[in-house]
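Structure file target00.tsv (TSV, C-alpha atoms) follows.
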```tsv
chain	number	residue	atom	x	y	z
Q	1	MET	CA	37.95	-11.75	62.28
Q	2	LYS	CA	37.50	-11.58	58.52
Q	3	GLU	CA	36.31	-14.67	56.68
Q	4	LYS	CA	39.06	-16.42	54.78
Q	5	PRO	CA	38.09	-17.03	51.17
Q	6	THR	CA	37.60	-20.74	50.51
Q	7	ARG	CA	36.57	-20.88	46.88
Q	8	GLN	CA	36.23	-23.48	44.21
Q	9	GLU	CA	38.52	-23.30	41.20
Q	10	LYS	CA	37.01	-21.54	38.19
Q	11	LEU	CA	35.39	-23.90	35.72
Q	12	THR	CA	37.15	-24.52	32.42
Q	13	GLN	CA	34.19	-26.35	30.90
Q	14	ILE	CA	30.50	-25.54	31.19
Q	15	PRO	CA	28.58	-28.46	32.74
Q	16	PRO	CA	25.21	-29.35	31.22
Q	17	ASP	CA	23.33	-28.46	34.40
Q	18	ILE	CA	24.04	-24.76	33.80
Q	19	ALA	CA	20.95	-24.41	31.64
Q	20	ALA	CA	19.84	-20.83	32.41
Q	21	VAL	CA	21.34	-17.53	33.50
Q	22	ASN	CA	20.04	-17.85	37.07
Q	23	ASP	CA	22.07	-21.05	37.48
Q	24	TYR	CA	25.20	-18.89	37.52
Q	25	GLU	CA	23.87	-16.89	40.46
Q	26	LYS	CA	23.26	-20.09	42.45
Q	27	LEU	CA	26.80	-21.28	41.74
Q	28	ALA	CA	28.66	-17.97	42.11
Q	29	LYS	CA	28.56	-17.97	45.93
Q	30	HIS	CA	30.79	-21.07	45.86
Q	31	PHE	CA	33.44	-19.35	43.74
Q	32	ILE	CA	33.86	-16.02	45.56
Q	33	SER	CA	33.88	-14.99	49.20
Q	34	HIS	CA	30.63	-14.31	51.06
Q	35	PRO	CA	31.25	-10.53	51.44
Q	36	HIS	CA	32.02	-10.23	47.73
Q	37	PHE	CA	28.91	-12.16	46.77
Q	38	GLU	CA	26.71	-10.06	49.05
Q	39	TYR	CA	28.13	-6.85	47.59
Q	40	ILE	CA	27.42	-8.02	44.03
Q	41	ALA	CA	24.00	-9.56	44.72
Q	42	GLY	CA	22.67	-6.97	47.13
Q	43	GLY	CA	20.42	-4.04	46.45
Q	44	SER	CA	19.58	-0.91	48.40
Q	45	ALA	CA	17.82	-0.70	51.77
Q	46	ASN	CA	14.94	-3.24	51.91
Q	47	GLU	CA	15.67	-4.38	48.34
Q	48	ILE	CA	12.10	-3.70	47.21
Q	49	THR	CA	13.21	-2.46	43.81
Q	50	LEU	CA	15.73	-5.27	43.45
Q	51	LYS	CA	12.94	-7.84	43.87
Q	52	ASN	CA	10.46	-5.93	41.72
Q	53	ASN	CA	12.87	-5.71	38.78
Q	54	GLN	CA	12.42	-9.40	38.07
Q	55	LYS	CA	8.84	-9.72	39.33
Q	56	ALA	CA	7.71	-7.02	36.91
Q	57	PHE	CA	9.03	-9.09	34.01
Q	58	ASP	CA	7.23	-12.16	35.36
Q	59	ASP	CA	3.97	-10.20	35.44
Q	60	ILE	CA	4.10	-9.76	31.66
Q	61	GLY	CA	2.69	-12.67	29.66
Q	62	LEU	CA	3.34	-13.58	26.03
Q	63	TYR	CA	1.00	-14.78	23.32
Q	64	SER	CA	2.25	-17.67	21.22
Q	65	ARG	CA	1.42	-17.72	17.51
Q	66	VAL	CA	1.17	-20.66	15.15
Q	67	LEU	CA	1.99	-21.30	11.49
Q	68	GLN	CA	4.24	-18.23	11.21
Q	69	ASP	CA	7.20	-18.38	8.80
Q	70	VAL	CA	10.26	-17.20	10.73
Q	71	SER	CA	12.80	-19.07	8.61
Q	72	LYS	CA	14.48	-15.78	7.67
Q	73	GLY	CA	14.53	-14.54	11.25
Q	74	SER	CA	17.22	-12.22	12.60
Q	75	THR	CA	17.97	-10.35	15.82
Q	76	GLU	CA	20.11	-7.70	14.09
Q	77	LEU	CA	19.76	-4.01	14.88
Q	78	THR	CA	21.52	-0.72	14.29
Q	79	LEU	CA	22.30	1.72	17.10
Q	80	PHE	CA	24.11	5.05	16.71
Q	81	GLY	CA	25.26	4.08	13.24
Q	82	GLU	CA	26.71	0.70	14.25
Q	83	GLN	CA	25.23	-2.70	13.42
Q	84	TYR	CA	24.89	-5.39	16.07
Q	85	ARG	CA	23.99	-9.04	15.68
Q	86	HIS	CA	21.68	-8.97	18.70
Q	87	PRO	CA	20.33	-6.44	21.23
Q	88	ILE	CA	22.31	-7.71	24.25
Q	89	PHE	CA	25.04	-5.52	25.75
Q	90	LEU	CA	27.24	-6.09	28.79
Q	91	ALA	CA	26.44	-3.32	31.27
Q	92	PRO	CA	29.17	-1.20	32.88
Q	93	VAL	CA	29.87	-3.13	36.10
Q	94	ALA	CA	32.55	-1.84	38.47
Q	95	HIS	CA	35.31	-3.79	40.22
Q	96	GLN	CA	35.08	-6.95	38.13
Q	97	GLN	CA	38.22	-8.40	39.69
Q	98	LEU	CA	36.03	-9.12	42.71
Q	99	ALA	CA	34.67	-11.98	40.60
Q	100	HIS	CA	37.74	-13.09	38.63
Q	101	PRO	CA	41.43	-12.09	38.46
Q	102	ASP	CA	41.06	-11.23	34.76
Q	103	GLY	CA	38.08	-8.97	35.52
Q	104	GLU	CA	36.99	-6.72	32.67
Q	105	LEU	CA	39.51	-8.23	30.26
Q	106	ALA	CA	37.65	-11.55	30.45
Q	107	SER	CA	34.23	-9.92	30.06
Q	108	ALA	CA	35.38	-7.86	27.08
Q	109	ALA	CA	36.84	-10.95	25.41
Q	110	ALA	CA	33.56	-12.81	25.95
Q	111	ALA	CA	31.57	-9.91	24.51
Q	112	GLU	CA	33.74	-9.91	21.40
Q	113	ALA	CA	33.37	-13.69	20.98
Q	114	MET	CA	29.58	-13.37	21.16
Q	115	GLU	CA	29.41	-10.13	19.13
Q	116	ALA	CA	27.91	-8.26	22.08
Q	117	GLY	CA	28.47	-4.60	22.81
Q	118	PHE	CA	30.69	-4.01	25.87
Q	119	ILE	CA	30.49	-0.97	28.15
Q	120	ALA	CA	33.57	-0.31	30.27
Q	121	SER	CA	33.02	1.29	33.67
Q	122	THR	CA	34.82	4.33	35.01
Q	123	LEU	CA	35.33	2.16	38.13
Q	124	SER	CA	36.77	-0.82	36.29
Q	125	SER	CA	39.66	-2.66	37.92
Q	126	THR	CA	41.53	-2.53	34.60
Q	127	THR	CA	42.29	0.65	32.68
Q	128	LEU	CA	40.09	1.60	29.77
Q	129	GLU	CA	43.16	1.38	27.52
Q	130	GLN	CA	43.89	-2.21	28.55
Q	131	ILE	CA	40.27	-3.15	27.89
Q	132	ALA	CA	40.37	-1.48	24.47
Q	133	ASN	CA	43.51	-3.44	23.58
Q	134	THR	CA	41.73	-6.69	24.49
Q	135	THR	CA	38.81	-6.28	22.12
Q	136	HIS	CA	38.43	-4.86	18.63
Q	137	TYR	CA	34.65	-5.21	18.73
Q	138	ARG	CA	32.33	-2.28	19.46
Q	139	LYS	CA	32.73	-0.81	22.91
Q	140	TRP	CA	31.42	2.19	24.84
Q	141	PHE	CA	32.80	3.96	27.89
Q	142	GLN	CA	30.64	4.64	30.95
Q	143	LEU	CA	31.41	7.96	32.60
Q	144	TYR	CA	30.90	9.15	36.15
Q	145	PHE	CA	31.42	12.87	36.61
Q	146	GLN	CA	34.54	13.43	38.70
Q	147	ASP	CA	35.33	16.03	41.36
Q	148	THR	CA	36.87	18.33	38.76
Q	149	LYS	CA	35.93	19.01	35.17
Q	150	ALA	CA	39.59	18.66	34.23
Q	151	PHE	CA	39.74	15.05	35.39
Q	152	THR	CA	36.34	14.27	33.86
Q	153	LEU	CA	37.60	15.67	30.56
Q	154	SER	CA	40.78	13.60	30.79
Q	155	LEU	CA	38.67	10.41	30.99
Q	156	ILE	CA	36.67	11.47	27.93
Q	157	LYS	CA	39.79	12.17	25.90
Q	158	ARG	CA	41.34	8.85	26.94
Q	159	ALA	CA	38.17	7.03	25.83
Q	160	GLU	CA	38.21	8.83	22.48
Q	161	LYS	CA	41.87	7.99	21.90
Q	162	ALA	CA	41.35	4.34	22.85
Q	163	GLY	CA	38.61	3.89	20.25
Q	164	TYR	CA	35.41	3.83	22.31
Q	165	SER	CA	32.50	4.77	20.06
Q	166	ALA	CA	30.03	6.23	22.60
Q	167	LEU	CA	29.84	7.64	26.13
Q	168	VAL	CA	27.30	6.33	28.65
Q	169	VAL	CA	26.89	8.90	31.41
Q	170	THR	CA	25.47	7.45	34.65
Q	171	LEU	CA	23.50	9.98	36.69
Q	172	ASP	CA	21.32	8.05	39.17
Q	173	VAL	CA	23.90	7.54	41.92
Q	174	PRO	CA	25.37	10.94	42.80
Q	175	ILE	CA	25.39	9.30	46.22
Q	176	ASN	CA	25.32	5.55	46.83
Q	177	GLY	CA	22.10	3.90	47.92
Q	178	LEU	CA	21.84	2.27	51.34
Q	179	ARG	CA	23.88	-0.87	50.71
Q	180	ASN	CA	22.84	-2.56	53.96
Q	181	ARG	CA	23.39	-6.10	52.71
Q	182	ALA	CA	27.02	-5.42	51.86
Q	183	GLN	CA	27.40	-3.56	55.15
Q	184	ARG	CA	26.09	-6.54	57.15
Q	185	ALA	CA	28.52	-8.82	55.31
Q	186	ASN	CA	31.40	-6.52	56.31
Q	187	PHE	CA	32.31	-5.88	52.68
Q	188	THR	CA	35.32	-3.71	51.95
Q	189	LEU	CA	37.04	-3.31	48.61
Q	190	PRO	CA	40.19	-5.48	48.72
Q	191	GLN	CA	43.49	-3.68	48.39
Q	192	GLU	CA	44.36	-5.62	45.25
Q	193	VAL	CA	41.16	-4.50	43.45
Q	194	ARG	CA	41.87	-0.99	42.27
Q	195	GLU	CA	39.89	1.65	40.44
Q	196	ALA	CA	42.45	1.70	37.69
Q	197	ASN	CA	41.08	4.61	35.64
Q	198	LEU	CA	41.17	6.93	38.64
Q	199	GLU	CA	44.81	6.49	39.58
Q	200	GLY	CA	46.49	9.86	39.61
Q	201	LYS	CA	43.24	11.69	40.31
Q	202	PRO	CA	43.78	14.77	42.49
Q	203	SER	CA	42.58	14.46	46.07
Q	204	PRO	CA	39.19	16.13	46.55
Q	205	THR	CA	39.06	19.45	48.35
Q	206	GLN	CA	38.05	18.98	51.96
Q	207	ARG	CA	34.90	20.95	52.70
Q	208	GLN	CA	34.44	22.29	56.22
Q	209	LEU	CA	30.86	22.04	57.47
Q	210	ASN	CA	29.41	23.74	60.47
Q	211	ARG	CA	27.14	21.94	62.93
Q	212	THR	CA	23.95	23.15	61.21
Q	213	GLN	CA	24.96	21.73	57.83
Q	214	SER	CA	24.30	18.26	56.46
Q	215	ILE	CA	27.06	15.93	55.30
Q	216	ILE	CA	24.62	14.81	52.58
Q	217	PHE	CA	23.08	18.08	51.33
Q	218	GLN	CA	25.91	20.57	51.87
Q	219	GLY	CA	28.63	17.91	51.76
Q	220	ILE	CA	28.45	15.07	49.23
Q	221	MET	CA	25.65	16.51	47.06
Q	222	LYS	CA	27.34	19.89	46.78
Q	223	ASP	CA	29.43	18.54	43.89
Q	224	ALA	CA	26.75	16.36	42.28
Q	225	PRO	CA	26.32	17.00	38.52
Q	226	THR	CA	23.48	19.17	37.22
Q	227	TRP	CA	21.83	19.75	33.86
Q	228	GLN	CA	24.37	22.53	33.32
Q	229	ASP	CA	27.18	19.99	33.67
Q	230	LEU	CA	25.53	17.87	30.97
Q	231	GLN	CA	25.50	20.90	28.68
Q	232	TRP	CA	29.21	21.35	29.35
Q	233	LEU	CA	29.82	17.69	28.54
Q	234	GLN	CA	28.15	18.04	25.14
Q	235	GLN	CA	30.72	20.66	24.20
Q	236	GLN	CA	33.69	18.41	25.01
Q	237	THR	CA	33.21	15.49	22.61
Q	238	ASP	CA	31.73	14.46	19.30
Q	239	LEU	CA	30.98	10.95	20.55
Q	240	PRO	CA	27.31	9.97	20.92
Q	241	ILE	CA	26.29	10.55	24.55
Q	242	ILE	CA	23.77	8.17	26.13
Q	243	ILE	CA	22.26	9.14	29.49
Q	244	LYS	CA	21.87	6.26	31.95
Q	245	GLY	CA	19.63	6.15	35.01
Q	246	ILE	CA	16.39	7.65	33.65
Q	247	LEU	CA	13.07	6.62	35.23
Q	248	HIS	CA	10.86	9.72	34.96
Q	249	PRO	CA	9.29	10.71	31.61
Q	250	ALA	CA	10.04	14.39	32.22
Q	251	ASP	CA	13.76	13.65	32.59
Q	252	ALA	CA	13.62	11.53	29.43
Q	253	ALA	CA	11.98	14.38	27.52
Q	254	ARG	CA	14.65	16.82	28.66
Q	255	VAL	CA	17.44	14.44	27.62
Q	256	LYS	CA	15.93	14.30	24.13
Q	257	GLU	CA	15.33	18.06	23.95
Q	258	MET	CA	18.97	18.72	24.85
Q	259	GLY	CA	20.09	16.70	21.86
Q	260	PHE	CA	21.60	13.62	23.49
Q	261	ALA	CA	21.88	10.46	21.41
Q	262	GLY	CA	19.81	8.15	23.60
Q	263	LEU	CA	19.08	7.02	27.15
Q	264	VAL	CA	19.09	3.98	29.40
Q	265	VAL	CA	16.01	3.30	31.50
Q	266	SER	CA	17.60	1.99	34.68
Q	267	ASN	CA	17.28	1.93	38.45
Q	268	HIS	CA	20.88	0.79	38.83
Q	269	GLY	CA	19.80	-2.79	39.43
Q	270	GLY	CA	17.97	-1.76	42.58
Q	271	ARG	CA	21.19	-0.38	44.09
Q	272	ALA	CA	20.28	3.33	44.16
Q	273	LEU	CA	16.99	4.62	45.62
Q	274	ASP	CA	14.88	1.76	46.96
Q	275	GLY	CA	11.17	1.84	46.07
Q	276	VAL	CA	11.50	3.34	42.59
Q	277	PRO	CA	9.71	1.58	39.71
Q	278	ALA	CA	11.10	-1.50	38.07
Q	279	SER	CA	12.80	-0.44	34.86
Q	280	ILE	CA	10.37	-2.41	32.68
Q	281	THR	CA	7.47	-0.70	34.50
Q	282	ALA	CA	8.90	2.76	33.78
Q	283	LEU	CA	9.73	2.00	30.15
Q	284	PRO	CA	6.36	2.40	28.34
Q	285	SER	CA	5.66	5.94	29.57
Q	286	ILE	CA	9.19	7.00	28.70
Q	287	ARG	CA	8.89	5.55	25.22
Q	288	HIS	CA	5.58	7.37	24.77
Q	289	ARG	CA	7.15	10.65	25.90
Q	290	VAL	CA	10.21	10.57	23.62
Q	291	GLY	CA	8.53	9.05	20.55
Q	292	ALA	CA	9.18	5.96	18.50
Q	293	GLU	CA	12.56	6.85	16.98
Q	294	PHE	CA	14.61	7.93	20.00
Q	295	PRO	CA	17.04	5.14	21.07
Q	296	ILE	CA	16.30	3.57	24.46
Q	297	LEU	CA	18.17	0.78	26.21
Q	298	LEU	CA	16.86	-0.97	29.31
Q	299	ASP	CA	18.89	-2.08	32.30
Q	300	SER	CA	17.95	-3.94	35.51
Q	301	GLY	CA	16.24	-7.29	35.98
Q	302	VAL	CA	16.87	-9.06	32.67
Q	303	ARG	CA	17.43	-12.77	33.33
Q	304	ARG	CA	15.81	-14.54	30.36
Q	305	GLY	CA	15.64	-14.15	26.62
Q	306	ALA	CA	11.89	-13.71	27.14
Q	307	ASP	CA	12.71	-10.67	29.31
Q	308	ILE	CA	14.63	-9.17	26.40
Q	309	PHE	CA	11.62	-9.79	24.16
Q	310	LYS	CA	9.33	-8.08	26.70
Q	311	ALA	CA	11.66	-5.10	26.97
Q	312	ILE	CA	11.64	-4.67	23.21
Q	313	ALA	CA	7.84	-5.05	23.12
Q	314	TYR	CA	7.55	-2.26	25.69
Q	315	GLY	CA	9.79	0.10	23.75
Q	316	ALA	CA	13.47	-0.73	24.28
Q	317	ASN	CA	15.91	-1.06	21.38
Q	318	ALA	CA	18.36	-3.18	23.40
Q	319	VAL	CA	19.14	-4.32	26.94
Q	320	LEU	CA	22.11	-4.25	29.31
Q	321	ILE	CA	23.14	-7.26	31.39
Q	322	GLY	CA	24.69	-6.46	34.79
Q	323	ARG	CA	24.78	-8.95	37.67
Q	324	PRO	CA	24.61	-12.09	35.48
Q	325	GLN	CA	27.86	-10.90	33.92
Q	326	MET	CA	29.52	-10.99	37.35
Q	327	TYR	CA	28.02	-14.34	38.35
Q	328	ALA	CA	29.16	-16.01	35.13
Q	329	LEU	CA	32.58	-14.36	35.44
Q	330	ALA	CA	32.93	-15.70	38.98
Q	331	VAL	CA	32.10	-19.25	37.92
Q	332	ALA	CA	34.00	-19.64	34.66
Q	333	GLY	CA	35.70	-16.41	33.60
Q	334	ALA	CA	35.44	-15.38	29.96
Q	335	LEU	CA	34.01	-18.78	29.09
Q	336	GLY	CA	31.16	-18.29	31.57
Q	337	VAL	CA	30.31	-14.81	30.34
Q	338	ALA	CA	30.30	-15.97	26.72
Q	339	HIS	CA	28.05	-18.91	27.64
Q	340	MET	CA	25.70	-16.62	29.56
Q	341	LEU	CA	25.39	-14.35	26.51
Q	342	ARG	CA	24.79	-17.34	24.27
Q	343	LEU	CA	21.99	-18.58	26.54
Q	344	LEU	CA	20.25	-15.21	26.41
Q	345	ARG	CA	20.62	-14.85	22.65
Q	346	GLU	CA	19.28	-18.34	21.96
Q	347	GLU	CA	16.41	-17.86	24.42
Q	348	LEU	CA	15.50	-14.62	22.64
Q	349	GLU	CA	15.48	-16.44	19.30
Q	350	VAL	CA	13.29	-19.23	20.72
Q	351	THR	CA	10.87	-16.65	22.14
Q	352	MET	CA	10.70	-14.83	18.82
Q	353	ALA	CA	10.11	-18.07	16.94
Q	354	LEU	CA	7.25	-19.14	19.21
Q	355	THR	CA	5.60	-15.71	19.13
Q	356	GLY	CA	5.86	-15.55	15.34
Q	357	CYS	CA	8.27	-12.59	15.23
Q	358	SER	CA	11.07	-12.90	12.69
Q	359	THR	CA	12.67	-9.50	13.40
Q	360	LEU	CA	12.99	-7.18	16.37
Q	361	GLN	CA	10.80	-4.66	14.54
Q	362	GLU	CA	7.86	-7.07	14.65
Q	363	ILE	CA	7.93	-7.28	18.46
Q	364	ASN	CA	5.32	-5.02	20.08
Q	365	THR	CA	2.80	-4.90	22.92
Q	366	GLU	CA	0.30	-6.93	20.90
Q	367	CYS	CA	2.57	-9.89	21.66
Q	368	THR	CA	2.07	-9.38	25.41
Q	369	PHE	CA	-0.61	-9.39	28.10
Q	370	THR	CA	-0.69	-8.69	31.82
Q	371	GLN	CA	-0.60	-11.80	33.95
Q	372	PRO	CA	-3.50	-12.09	36.43
Q	373	GLN	CA	-2.41	-11.48	40.01
```
Go ahead and render the structure in this file as structure tokens.
Amino acid sequence: MKEKPTRQEKLTQIPPDIAAVNDYEKLAKHFISHPHFEYIAGGSANEITLKNNQKAFDDIGLYSRVLQDVSKGSTELTLFGEQYRHPIFLAPVAHQQLAHPDGELASAAAAEAMEAGFIASTLSSTTLEQIANTTHYRKWFQLYFQDTKAFTLSLIKRAEKAGYSALVVTLDVPINGLRNRAQRANFTLPQEVREANLEGKPSPTQRQLNRTQSIIFQGIMKDAPTWQDLQWLQQQTDLPIIIKGILHPADAARVKEMGFAGLVVSNHGGRALDGVPASITALPSIRHRVGAEFPILLDSGVRRGADIFKAIAYGANAVLIGRPQMYALAVAGALGVAHMLRLLREELEVTMALTGCSTLQEINTECTFTQPQ
């Protein structure tokens, strides 16, 4: 028998005891059903990478500095020809109506209020056009390759027409990781939560396998994208293309050599292959491989403004915020997401002030040290 959702009403004011981003995670389980929470919070397999994403940030220490004049401080940056007030973006998170009836519309409105970049997911529960009509601030579209190039191309053209200014192509989950936690919670996608952008998609061709063939290798992975598909994608749009899901320096180097606009160092929040490096651990070698000027964003594990500072010190230009977006959305809708972004931005400014850095360009590894184990 499925658990009946017994949830608190969404907050319409932020109480003073929500003082940090992690407070939203503690509260979220009271505002959504247990299976939904487990699906959002869970990682892959034994959740080693999920745990390491945050631990790796904790292992990085910061040096404070005294008597530094930061009175003209700023967190502004420019990415792909667009100026942003701060380096905090809302990551492309699927199925946001699991957390709140307004789903992506609420998150996009919060991003606009806080001048944060918003990345709409292919698997959003609201169409990319509806999201675009909600916000006039800068927004990107996250693309998953579809079963056919024709349908993939249709998504790209819709994003162009709707005013998205970049494509973020996610490559690290051609097949889902082992979502055991969601499985144990008996999670299924509710009928009312749709994948709105994929409505009207042709049914995939059924592939017949013989008994010697694998449903993984010869089945699901048969249609997984390749480097050749990325080359095809470059020919279909003039939008900047950012490749998400990079952890290996060799892959990063190839992305740069092929002429893509940038990349996202990400392990999908620990939801893809378990046991891969924490994103912040993988970042320095990737930055070294692609050079100082190539744009890099970091995703997975950011929970404090100090984490954003550490990511920038290790080579990131900006960060993406995933799960905290869903937790805040579950608790207080657009208001919660806006408050969560404000907390992170102010924490980043406090960290910069106490380390003596008045601009993002002044943040580097000399501000950090490795914590003793």
Separation of atom CA of Glu366 of chain Q from atom CA of Arg287 of chain Q in Å: 15.8 Å
Shell around segment 29-41 of chain Q at 10 Å using all atoms listed in the file, local window under 4 positions removed, as a short mmCIF file (atom, residue, chain, number, x, y, z; two decimals) with C-alpha atoms, in the frame of the given file:
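The new file part-v3.cif reads:
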```
data_model
loop_
_atom_site.label_atom_id
_atom_site.label_comp_id
_atom_site.auth_asym_id
_atom_site.auth_seq_id
_atom_site.Cartn_x
_atom_site.Cartn_y
_atom_site.Cartn_z
CA LYS Q 2 37.50 -11.58 58.52
CA GLU Q 3 36.31 -14.67 56.68
CA LYS Q 4 39.06 -16.42 54.78
CA PRO Q 5 38.09 -17.03 51.17
CA THR Q 6 37.60 -20.74 50.51
CA ARG Q 7 36.57 -20.88 46.88
CA GLN Q 8 36.23 -23.48 44.21
CA GLU Q 9 38.52 -23.30 41.20
CA LYS Q 10 37.01 -21.54 38.19
CA LEU Q 11 35.39 -23.90 35.72
CA TYR Q 24 25.20 -18.89 37.52
CA GLU Q 25 23.87 -16.89 40.46
CA LEU Q 50 15.73 -5.27 43.45
CA VAL Q 93 29.87 -3.13 36.10
CA ALA Q 94 32.55 -1.84 38.47
CA HIS Q 95 35.31 -3.79 40.22
CA GLN Q 96 35.08 -6.95 38.13
CA LEU Q 98 36.03 -9.12 42.71
CA ALA Q 99 34.67 -11.98 40.60
CA HIS Q 100 37.74 -13.09 38.63
CA ARG Q 179 23.88 -0.87 50.71
CA ASN Q 180 22.84 -2.56 53.96
CA ARG Q 181 23.39 -6.10 52.71
CA ALA Q 182 27.02 -5.42 51.86
CA GLN Q 183 27.40 -3.56 55.15
CA ARG Q 184 26.09 -6.54 57.15
CA ALA Q 185 28.52 -8.82 55.31
CA ASN Q 186 31.40 -6.52 56.31
CA PHE Q 187 32.31 -5.88 52.68
CA THR Q 188 35.32 -3.71 51.95
CA LEU Q 189 37.04 -3.31 48.61
CA PRO Q 190 40.19 -5.48 48.72
CA GLY Q 269 19.80 -2.79 39.43
CA ARG Q 271 21.19 -0.38 44.09
CA GLY Q 322 24.69 -6.46 34.79
CA ARG Q 323 24.78 -8.95 37.67
CA PRO Q 324 24.61 -12.09 35.48
CA MET Q 326 29.52 -10.99 37.35
CA TYR Q 327 28.02 -14.34 38.35
CA LEU Q 329 32.58 -14.36 35.44
CA ALA Q 330 32.93 -15.70 38.98
CA VAL Q 331 32.10 -19.25 37.92
CA ALA Q 332 34.00 -19.64 34.66
#
```
Atom pair atom CA of Lys244 of chain Q / atom CA of Gln231 of chain Q: separation (Å): 15.4 Å
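The gap separating atom CA of Ala56 of chain Q from atom CA of Arg303 of chain Q is 11.8 Å, in Å to one decimal.
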Counting all atoms listed in the file, the residue of Q:Asp23, Q:Glu129, Q:Asp307, Q:Asp238 that sits nearest Gly336 of chain Q: Q:Asp23
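The smallest atom-to-atom distance between Gln97 of chain Q and any of Q:Arg289, Q:Arg342, Q:Arg194, Q:Arg211, using all atoms listed in the file, is found for Q:Arg194.
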Nearest to Ser165 of chain Q by atom-to-atom distance, counting only C-alpha atoms, from Q:Gly81, Q:Gly291, Q:Gly103, Q:Gly301: Q:Gly81
Selected residue of minimal separation from Ile14 of chain Q among Q:Ala109, Q:Asn210, Q:Pro372, Q:Ala338, counting only C-alpha atoms: Q:Ala338
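For the set Q:Leu155, Q:Glu104, Q:Met352, Q:Pro295, the residue with the smallest atom-to-atom gap to Gln236 of chain Q is Q:Leu155, counting only C-alpha atoms.
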Spatial neighbours of Pro92 of chain Q, max dist 12 Å, only C-alpha atoms, sep filter under 2 positions, as a PyMOL selection string: chain Q and resi 89-90+94-96+104+107-108+117-125+128+139-144+167-170+244+264+268-269+299-300+320-323+325-326
Nearest to Ile296 of chain Q by atom-to-atom distance, counting only C-alpha atoms, from Q:Asn133, Q:Asn317, Q:Thr365, Q:Ser279: Q:Asn317
Close residues, Phe145 of chain Q itself excluded, 9 Å, all atoms listed in the file, min 6 positions apart in chain, as a ChimeraX atom specification: /Q:151-152,169-171,174,224-225,229
Long-range neighbours of Val350 of chain Q as a count of residues only, 10 Å cut-off, all atoms listed in the file, 6 positions minimum in chain: 5
Edge lengths and centre in Å to one decimal, as lines of an AutoDock Vina configuration file, of the axis-aligned box that encloses all listed atoms of segment 74-91 of chain Q with 6 Å added on every side?
```
center_x = 22.2
center_y = -3.6
center_z = 21.9
size_x = 22.0
size_y = 29.3
size_z = 30.7
```
Who sits within 9 Å of Ala106 of chain Q, all atoms listed in the file, same chain under 5 positions skipped, as a PDB file with C-alpha atoms, in the frame of the given file:
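Once written, result.pdb looks like this:
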```
ATOM      1  CA  HIS Q 100      37.740 -13.090  38.630  1.00  0.00           C
ATOM      2  CA  PRO Q 101      41.430 -12.090  38.460  1.00  0.00           C
ATOM      3  CA  ALA Q 111      31.570  -9.910  24.510  1.00  0.00           C
ATOM      4  CA  THR Q 134      41.730  -6.690  24.490  1.00  0.00           C
ATOM      5  CA  LEU Q 329      32.580 -14.360  35.440  1.00  0.00           C
ATOM      6  CA  GLY Q 333      35.700 -16.410  33.600  1.00  0.00           C
ATOM      7  CA  ALA Q 334      35.440 -15.380  29.960  1.00  0.00           C
ATOM      8  CA  LEU Q 335      34.010 -18.780  29.090  1.00  0.00           C
ATOM      9  CA  VAL Q 337      30.310 -14.810  30.340  1.00  0.00           C
TER      10      VAL Q 337
END
```
Please extract segment 124-134 of chain Q and write it out with N, CA and C atoms, as a PDB file, in the first residue's frame.
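As written to disk, selection.pdb reads:
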```pdb
ATOM      1  N   SER Q 124      12.045  18.915 -17.578  1.00  0.00           N
ATOM      2  CA  SER Q 124      11.253  19.770 -16.702  1.00  0.00           C
ATOM      3  C   SER Q 124       9.776  19.402 -16.795  1.00  0.00           C
ATOM      4  N   SER Q 125       9.053  19.686 -15.716  1.00  0.00           N
ATOM      5  CA  SER Q 125       7.628  19.368 -15.681  1.00  0.00           C
ATOM      6  C   SER Q 125       6.786  20.498 -16.261  1.00  0.00           C
ATOM      7  N   THR Q 126       7.455  21.529 -16.757  1.00  0.00           N
ATOM      8  CA  THR Q 126       6.827  22.653 -17.453  1.00  0.00           C
ATOM      9  C   THR Q 126       7.590  22.856 -18.752  1.00  0.00           C
ATOM     10  N   THR Q 127       6.906  23.238 -19.810  1.00  0.00           N
ATOM     11  CA  THR Q 127       7.599  23.367 -21.094  1.00  0.00           C
ATOM     12  C   THR Q 127       8.628  24.488 -21.053  1.00  0.00           C
ATOM     13  N   LEU Q 128       9.620  24.369 -21.884  1.00  0.00           N
ATOM     14  CA  LEU Q 128      10.672  25.382 -21.952  1.00  0.00           C
ATOM     15  C   LEU Q 128      10.102  26.731 -22.365  1.00  0.00           C
ATOM     16  N   GLU Q 129       9.016  26.723 -23.155  1.00  0.00           N
ATOM     17  CA  GLU Q 129       8.388  27.984 -23.552  1.00  0.00           C
ATOM     18  C   GLU Q 129       7.704  28.658 -22.362  1.00  0.00           C
ATOM     19  N   GLN Q 130       7.012  27.875 -21.540  1.00  0.00           N
ATOM     20  CA  GLN Q 130       6.363  28.445 -20.358  1.00  0.00           C
ATOM     21  C   GLN Q 130       7.391  29.040 -19.400  1.00  0.00           C
ATOM     22  N   ILE Q 131       8.505  28.339 -19.236  1.00  0.00           N
ATOM     23  CA  ILE Q 131       9.573  28.859 -18.375  1.00  0.00           C
ATOM     24  C   ILE Q 131      10.115  30.169 -18.933  1.00  0.00           C
ATOM     25  N   ALA Q 132      10.352  30.206 -20.233  1.00  0.00           N
ATOM     26  CA  ALA Q 132      10.891  31.417 -20.865  1.00  0.00           C
ATOM     27  C   ALA Q 132       9.942  32.595 -20.704  1.00  0.00           C
ATOM     28  N   ASN Q 133       8.643  32.331 -20.726  1.00  0.00           N
ATOM     29  CA  ASN Q 133       7.663  33.405 -20.565  1.00  0.00           C
ATOM     30  C   ASN Q 133       7.589  33.913 -19.129  1.00  0.00           C
ATOM     31  N   THR Q 134       8.102  33.109 -18.187  1.00  0.00           N
ATOM     32  CA  THR Q 134       8.079  33.489 -16.774  1.00  0.00           C
ATOM     33  C   THR Q 134       9.200  34.459 -16.440  1.00  0.00           C
TER      34      THR Q 134
END
```
